[in-house]
Amino acid sequence: MGSLRASKEGLDIVEQARKKKGWTKTALTWCEKALTTEATLKRFWRLVPIQQESFTKICEVVGVDWENVVDENFSLPTGTPRIDWEQPIDVSIFYGRKKELATLEKSVFKDRLAIVSGLGGIGKTTLVGKLWENIKGKGEFEYVIQRSLCNKPPLSELLNDLIEFLSDDEEKTGGIFQLMGYLRKQRCLLILDNVEAIMSSDKLAGFFCPEYQDYSDLIKRVKAEQHKSCLLLISWERPKDSVGLLGEKVGFLRLSGLEQEAQELLKAQGLLGTDKELETLNKLYAGNPGSLKLISALIQELFDGRVQNYLRSGTIVVVLNEILAQHFSRLSDLETKIMINLAMNSEPSSLSQLIEEISSQPASKVMEAVNSLINRSLIEKISSEVGEVLFSLLPEVRKYVKSKFVK
Ligand SMILES: Nc1ncnc2c1ncn2[C@@H]1O[C@H](COP(=O)(O)OP(=O)(O)OP(=O)(O)O)[C@@H](O)[C@H]1O
Ligand SMILES: [Mg+2]
């Protein structure tokens with residue numbers, strides 16, 4: 001059966017009709033009367049093609065003639081990928097990341113599981129948006145679906161949504177078994193963003209909350225079983241189960257800050273300064289584009305955009321307060337202790353130094369906690385001249401820890 005999509009004008013007609021009825025855009029009554037699911041109704045609104053039968057019913061029950069709603073110019077030639085992107089990402093302004101994009105592209109083409117992790121604001125979602133812009137013309141995938149886990153959907157709900165899409169609305173429900181069937185049958189790219197939302201905040205990094213433990217099964221099976229698709233996870237923390245053993249098709253990218261290109265971002269934000277000043281500012285915020293945008297707005301307001309005057313003030317304004325508070329709310333007591341210790345040491349610390357200074361805990365616990373903090377992208381790893389690994393904090397994080405935890 002064919003698929004139909006609404007025109008923009010058609011959606012306006014449906015919008016007015018649903019307001020008259022007093023229905024929300026995804027009203028349960030609407031779904032029930034149209035014999036469809038909320039996921040399909042959402043696709044209808046996002047202009048994703050849906051089955052003709054569902055399309056006509058959705059229009060009919062809201063009292064609208066479907067022929068006035070349908071986009072007549074739309075047709076889906078065979079071979080066109082099916083795309084359902086929940087939250088379109090604006091990548092019209094995008095700097096740098098050439099290497100990261102190349103790595104990620106290679107990974108989603110060849111791996112079964114790919115993970116992008118990094119601190120809030122570092123640019124994970126934007127990077128994946130840009131990746132998709134780069135690869136969408138390459139015809140590599142037949143089905144591409146993007147979902148955010150922000151609202152913490154139970155796995156069964158997510159699976160129904162995915163299966164409905166991957167089966168061209170033929171199936172409304174299914175479990176991991178059915179999903180794996182589709183991943184084998186057709187080349188799909190499944191993108192799940194904000195995976196940290198369902199990860200535990202009272203354990204070390206990388207564990208799912210008990211009620212979301214079944215996501216762990218999904219990851220394990222996608223990683224281990226034969227199929228021709230890729231599951232791309234975007235998260236603050238890398239799930240433990242996503243670590244690939246030798247020979248497993250798993251790609252991992254921990255995103256760090258922008259380098260030289262950050263200067264272009266700062267100039268585009270209207271900041272005034274020499275290259276050196278812009279570089280200093282970028283270093284203070286460790287190239288985090290989210291931070292850089294916020295500090296640019298502050299420098300605009302307080303210093304008329306003059307970077308020099310902000311730098312002269314000799315302080316770092318913590319602009320990622322809310323995001324850092326969320327990151328810190330997930331830490332164990334020992335992890336927080338290590339963060340405070342690192343914030344108080346002006347020089348980077350070695351592991352043995354940390355073990356010695358936090359003598360109240362066994363060395364193995366300190367090692368586990370440091371490892372967890374690396375997974376959370378909260379500590380920076382530096383190699384010393386003599387080949388020793390040292391740990392330190394990014395300047396903004398250090399300032400945050402000092403202001404929140406050190407009296
Ligand atoms: N390469 C880039 N060039 C220009 N702007 C960027 C770039 N990367 C990210 N940004 C901007 O930085 C901000 C944060 O990016 P983004 O939302 O992708 O971060 P994130 O890592 O997904 O954060 P979170 O974990 O909080 O979801 C956005 O405003 C985005 O437009
Ligand atoms: Mg994001």
# chains A, B, ... in the order shown; residues from 1 in each chain; ligands from 1
>>> residues_around(residues="Val401 in chain A", least_positions_apart="2", cutoff="12 Å", atoms="only C-alpha atoms", output="MDAnalysis selection string")
chainID A and resid 318 321 324:325 327:328 335:344 378:379 393:399 403:407
>>> write_last_selection(atoms="N, CA and C atoms", output="PDB file, in the first residue's frame")
ATOM      1  N   VAL A 318      31.132  31.057  35.381  1.00  0.00           N
ATOM      2  CA  VAL A 318      30.659  29.709  35.038  1.00  0.00           C
ATOM      3  C   VAL A 318      29.323  29.858  34.313  1.00  0.00           C
ATOM      4  N   ASN A 321      26.415  26.513  34.462  1.00  0.00           N
ATOM      5  CA  ASN A 321      25.944  26.160  35.803  1.00  0.00           C
ATOM      6  C   ASN A 321      24.912  25.043  35.850  1.00  0.00           C
ATOM      7  N   LEU A 324      26.248  21.690  34.537  1.00  0.00           N
ATOM      8  CA  LEU A 324      27.220  21.103  35.473  1.00  0.00           C
ATOM      9  C   LEU A 324      26.512  20.602  36.733  1.00  0.00           C
ATOM     10  N   ALA A 325      25.499  21.342  37.183  1.00  0.00           N
ATOM     11  CA  ALA A 325      24.758  20.887  38.372  1.00  0.00           C
ATOM     12  C   ALA A 325      24.151  19.514  38.095  1.00  0.00           C
ATOM     13  N   HIS A 327      25.287  17.289  35.923  1.00  0.00           N
ATOM     14  CA  HIS A 327      26.382  16.312  35.891  1.00  0.00           C
ATOM     15  C   HIS A 327      26.789  15.940  37.323  1.00  0.00           C
ATOM     16  N   PHE A 328      26.910  16.951  38.184  1.00  0.00           N
ATOM     17  CA  PHE A 328      27.398  16.681  39.540  1.00  0.00           C
ATOM     18  C   PHE A 328      26.383  15.939  40.398  1.00  0.00           C
ATOM     19  N   GLU A 335      33.507  10.161  43.980  1.00  0.00           N
ATOM     20  CA  GLU A 335      33.787  10.941  42.763  1.00  0.00           C
ATOM     21  C   GLU A 335      33.836  12.444  43.090  1.00  0.00           C
ATOM     22  N   THR A 336      32.873  12.899  43.914  1.00  0.00           N
ATOM     23  CA  THR A 336      32.857  14.319  44.281  1.00  0.00           C
ATOM     24  C   THR A 336      34.143  14.676  45.028  1.00  0.00           C
ATOM     25  N   LYS A 337      34.566  13.789  45.911  1.00  0.00           N
ATOM     26  CA  LYS A 337      35.786  14.006  46.692  1.00  0.00           C
ATOM     27  C   LYS A 337      37.000  14.179  45.755  1.00  0.00           C
ATOM     28  N   ILE A 338      37.047  13.319  44.753  1.00  0.00           N
ATOM     29  CA  ILE A 338      38.163  13.393  43.795  1.00  0.00           C
ATOM     30  C   ILE A 338      38.114  14.715  43.024  1.00  0.00           C
ATOM     31  N   MET A 339      36.909  15.120  42.646  1.00  0.00           N
ATOM     32  CA  MET A 339      36.762  16.392  41.916  1.00  0.00           C
ATOM     33  C   MET A 339      37.244  17.553  42.784  1.00  0.00           C
ATOM     34  N   ILE A 340      36.893  17.511  44.083  1.00  0.00           N
ATOM     35  CA  ILE A 340      37.311  18.599  44.984  1.00  0.00           C
ATOM     36  C   ILE A 340      38.831  18.581  45.116  1.00  0.00           C
ATOM     37  N   ASN A 341      39.372  17.395  45.270  1.00  0.00           N
ATOM     38  CA  ASN A 341      40.821  17.260  45.397  1.00  0.00           C
ATOM     39  C   ASN A 341      41.535  17.850  44.169  1.00  0.00           C
ATOM     40  N   LEU A 342      41.016  17.494  42.989  1.00  0.00           N
ATOM     41  CA  LEU A 342      41.645  17.993  41.760  1.00  0.00           C
ATOM     42  C   LEU A 342      41.484  19.510  41.622  1.00  0.00           C
ATOM     43  N   ALA A 343      40.345  20.016  42.116  1.00  0.00           N
ATOM     44  CA  ALA A 343      40.111  21.462  42.019  1.00  0.00           C
ATOM     45  C   ALA A 343      41.080  22.227  42.917  1.00  0.00           C
ATOM     46  N   MET A 344      41.436  21.620  44.038  1.00  0.00           N
ATOM     47  CA  MET A 344      42.316  22.305  44.996  1.00  0.00           C
ATOM     48  C   MET A 344      43.788  22.225  44.574  1.00  0.00           C
ATOM     49  N   LEU A 378      34.374  14.461  32.876  1.00  0.00           N
ATOM     50  CA  LEU A 378      34.542  15.546  33.849  1.00  0.00           C
ATOM     51  C   LEU A 378      36.005  15.784  34.196  1.00  0.00           C
ATOM     52  N   ILE A 379      36.874  14.805  33.921  1.00  0.00           N
ATOM     53  CA  ILE A 379      38.292  15.077  34.148  1.00  0.00           C
ATOM     54  C   ILE A 379      39.084  14.883  32.871  1.00  0.00           C
ATOM     55  N   LEU A 393      41.354  19.284  35.837  1.00  0.00           N
ATOM     56  CA  LEU A 393      39.999  19.742  35.536  1.00  0.00           C
ATOM     57  C   LEU A 393      40.039  20.862  34.507  1.00  0.00           C
ATOM     58  N   LEU A 394      39.000  20.941  33.700  1.00  0.00           N
ATOM     59  CA  LEU A 394      38.883  22.068  32.776  1.00  0.00           C
ATOM     60  C   LEU A 394      38.637  23.313  33.626  1.00  0.00           C
ATOM     61  N   PRO A 395      39.121  24.489  33.173  1.00  0.00           N
ATOM     62  CA  PRO A 395      39.029  25.682  34.019  1.00  0.00           C
ATOM     63  C   PRO A 395      37.609  25.999  34.524  1.00  0.00           C
ATOM     64  N   GLU A 396      36.625  25.851  33.618  1.00  0.00           N
ATOM     65  CA  GLU A 396      35.248  26.186  34.033  1.00  0.00           C
ATOM     66  C   GLU A 396      34.744  25.190  35.081  1.00  0.00           C
ATOM     67  N   VAL A 397      35.114  23.931  34.910  1.00  0.00           N
ATOM     68  CA  VAL A 397      34.693  22.904  35.865  1.00  0.00           C
ATOM     69  C   VAL A 397      35.374  23.155  37.216  1.00  0.00           C
ATOM     70  N   ARG A 398      36.660  23.511  37.167  1.00  0.00           N
ATOM     71  CA  ARG A 398      37.411  23.792  38.407  1.00  0.00           C
ATOM     72  C   ARG A 398      36.734  24.936  39.180  1.00  0.00           C
ATOM     73  N   LYS A 399      36.375  25.980  38.432  1.00  0.00           N
ATOM     74  CA  LYS A 399      35.744  27.127  39.079  1.00  0.00           C
ATOM     75  C   LYS A 399      34.406  26.707  39.691  1.00  0.00           C
ATOM     76  N   SER A 403      33.432  26.907  43.624  1.00  0.00           N
ATOM     77  CA  SER A 403      32.349  27.761  44.117  1.00  0.00           C
ATOM     78  C   SER A 403      31.254  26.956  44.816  1.00  0.00           C
ATOM     79  N   LYS A 404      31.059  25.700  44.411  1.00  0.00           N
ATOM     80  CA  LYS A 404      29.961  24.926  45.003  1.00  0.00           C
ATOM     81  C   LYS A 404      30.381  24.108  46.218  1.00  0.00           C
ATOM     82  N   PHE A 405      31.618  23.614  46.210  1.00  0.00           N
ATOM     83  CA  PHE A 405      31.976  22.624  47.228  1.00  0.00           C
ATOM     84  C   PHE A 405      33.056  23.070  48.196  1.00  0.00           C
ATOM     85  N   VAL A 406      33.749  24.167  47.877  1.00  0.00           N
ATOM     86  CA  VAL A 406      34.853  24.555  48.747  1.00  0.00           C
ATOM     87  C   VAL A 406      34.468  25.842  49.465  1.00  0.00           C
ATOM     88  N   LYS A 407      34.476  25.753  50.793  1.00  0.00           N
ATOM     89  CA  LYS A 407      34.057  26.935  51.564  1.00  0.00           C
ATOM     90  C   LYS A 407      35.234  27.902  51.703  1.00  0.00           C
TER      91      LYS A 407
END
>>> residues_near_ligand(ligand="ligand 1", cutoff="6 Å", atoms="only C-alpha atoms and all ligand atoms", output="list in words")
Ile93, Phe94, Tyr95, Gly96, Leu119, Gly120, Gly121, Ile122, Gly123, Lys124, Thr125, Thr126, Trp236, Pro289 and Gly290 of chain A
>>> residues_around(residues="Arg221 in chain A", least_positions_apart="6", cutoff="12 Å", atoms="only C-alpha atoms", output="CSV table (one decimal) with C-alpha atoms, in the first residue's frame")
chain,number,residue,atom,x,y,z
A,112,ARG,CA,26.7,-2.1,14.4
A,113,LEU,CA,26.9,0.2,17.4
A,176,ILE,CA,13.8,-6.8,20.5
A,177,PHE,CA,13.4,-10.0,18.4
A,179,LEU,CA,13.5,-5.2,15.8
A,180,MET,CA,16.6,-7.4,15.1
A,181,GLY,CA,14.7,-8.8,12.2
A,183,LEU,CA,17.9,-4.5,11.3
A,214,ASP,CA,16.2,-3.8,29.3
A,215,TYR,CA,18.0,-1.1,27.2
A,227,HIS,CA,22.8,-7.5,10.9
A,230,CYS,CA,23.8,0.8,13.0
A,231,LEU,CA,22.5,2.0,16.4
A,241,ASP,CA,27.4,-2.6,27.8
A,242,SER,CA,28.5,-0.6,24.8
A,248,GLU,CA,33.1,-6.5,17.7
A,249,LYS,CA,31.8,-3.8,15.4
>>> select_by_dssp(residues="range 221-355 of chain A", states="alpha helix (DSSP H)", output="VMD selection string")
chain A and resid 221 to 224 262 to 268 275 to 284 289 to 303 307 to 312 321 to 328 333 to 344 351 to 355
>>> residues_around(residues="range 63-79 of chain A", least_positions_apart="2", cutoff="7 Å", atoms="only C-alpha atoms", output="JSON, numbers by chain")
{"A": [4, 5, 6, 7, 10, 11, 14, 17, 56, 59, 60, 61, 81]}
>>> closest_residue(among="A:Ile358, A:Leu149, A:Ala268, A:Leu189", to="ligand 2", atoms="only C-alpha atoms and all ligand atoms")
A:Leu149
>>> atom_distance(atom1="CA of Arg376 in chain A", atom2="CA of Glu157 in chain A")
27.4 Å
>>> closest_residue(among="A:Cys188, A:Leu255, A:Ile295, A:Leu266", to="ligand 2", atoms="only C-alpha atoms and all ligand atoms")
A:Leu255
>>> closest_residue(among="A:Asp193, A:Glu385, A:Asp333, A:Glu170", to="ligand 2", atoms="only C-alpha atoms and all ligand atoms")
A:Asp193
>>> residues_around(residues="range 135-138 of chain A", least_positions_apart="5", cutoff="12 Å", atoms="only C-alpha atoms", output="JSON, numbers by chain")
{"A": [79, 80, 81, 82, 83, 101, 102, 104, 105, 106, 108, 109, 128, 129, 130, 143, 144, 189]}
>>> write_last_selection(atoms="C-alpha atoms", output="PDB file, in the first residue's frame")
ATOM      1  CA  GLY A  79      15.233   3.515  -3.268  1.00  0.00           C
ATOM      2  CA  THR A  80      14.458   6.784  -1.452  1.00  0.00           C
ATOM      3  CA  PRO A  81      15.403   6.433   2.219  1.00  0.00           C
ATOM      4  CA  ARG A  82      12.617   6.675   4.772  1.00  0.00           C
ATOM      5  CA  ILE A  83      13.489   9.304   7.343  1.00  0.00           C
ATOM      6  CA  LEU A 101      32.989  13.765  11.275  1.00  0.00           C
ATOM      7  CA  ALA A 102      35.242  11.471   9.265  1.00  0.00           C
ATOM      8  CA  LEU A 104      31.915   9.031  12.913  1.00  0.00           C
ATOM      9  CA  GLU A 105      30.983   8.534   9.265  1.00  0.00           C
ATOM     10  CA  LYS A 106      33.301   5.569   9.018  1.00  0.00           C
ATOM     11  CA  VAL A 108      28.152   4.402  11.282  1.00  0.00           C
ATOM     12  CA  PHE A 109      28.889   2.852   7.885  1.00  0.00           C
ATOM     13  CA  VAL A 128      25.345  14.038  14.528  1.00  0.00           C
ATOM     14  CA  GLY A 129      23.061  16.531  12.749  1.00  0.00           C
ATOM     15  CA  LYS A 130      25.999  17.561  10.583  1.00  0.00           C
ATOM     16  CA  TYR A 143      15.646   3.823   7.054  1.00  0.00           C
ATOM     17  CA  VAL A 144      16.849   6.580   9.365  1.00  0.00           C
ATOM     18  CA  LEU A 189      20.397   3.939  11.099  1.00  0.00           C
TER      19      LEU A 189
END
>>> decode(residues="range 306-324 of chain A", atoms="C-alpha atoms", output="PDB file, in the first residue's frame")
ATOM      1  CA  ARG A 306      35.513  43.431  24.009  1.00  0.00           C
ATOM      2  CA  VAL A 307      37.237  40.212  24.989  1.00  0.00           C
ATOM      3  CA  GLN A 308      40.236  42.040  26.433  1.00  0.00           C
ATOM      4  CA  ASN A 309      38.098  43.761  29.049  1.00  0.00           C
ATOM      5  CA  TYR A 310      36.569  40.475  30.148  1.00  0.00           C
ATOM      6  CA  LEU A 311      39.977  38.797  30.376  1.00  0.00           C
ATOM      7  CA  ARG A 312      41.294  41.741  32.409  1.00  0.00           C
ATOM      8  CA  SER A 313      38.640  41.070  35.030  1.00  0.00           C
ATOM      9  CA  GLY A 314      40.708  37.953  35.819  1.00  0.00           C
ATOM     10  CA  THR A 315      37.698  35.771  36.589  1.00  0.00           C
ATOM     11  CA  ILE A 316      35.904  32.908  34.900  1.00  0.00           C
ATOM     12  CA  VAL A 317      32.152  33.196  34.870  1.00  0.00           C
ATOM     13  CA  VAL A 318      30.659  29.709  35.038  1.00  0.00           C
ATOM     14  CA  VAL A 319      28.095  29.720  32.252  1.00  0.00           C
ATOM     15  CA  LEU A 320      27.296  26.015  32.237  1.00  0.00           C
ATOM     16  CA  ASN A 321      25.944  26.160  35.803  1.00  0.00           C
ATOM     17  CA  GLU A 322      22.744  24.248  35.147  1.00  0.00           C
ATOM     18  CA  ILE A 323      24.343  21.555  33.017  1.00  0.00           C
ATOM     19  CA  LEU A 324      27.220  21.103  35.473  1.00  0.00           C
TER      20      LEU A 324
END
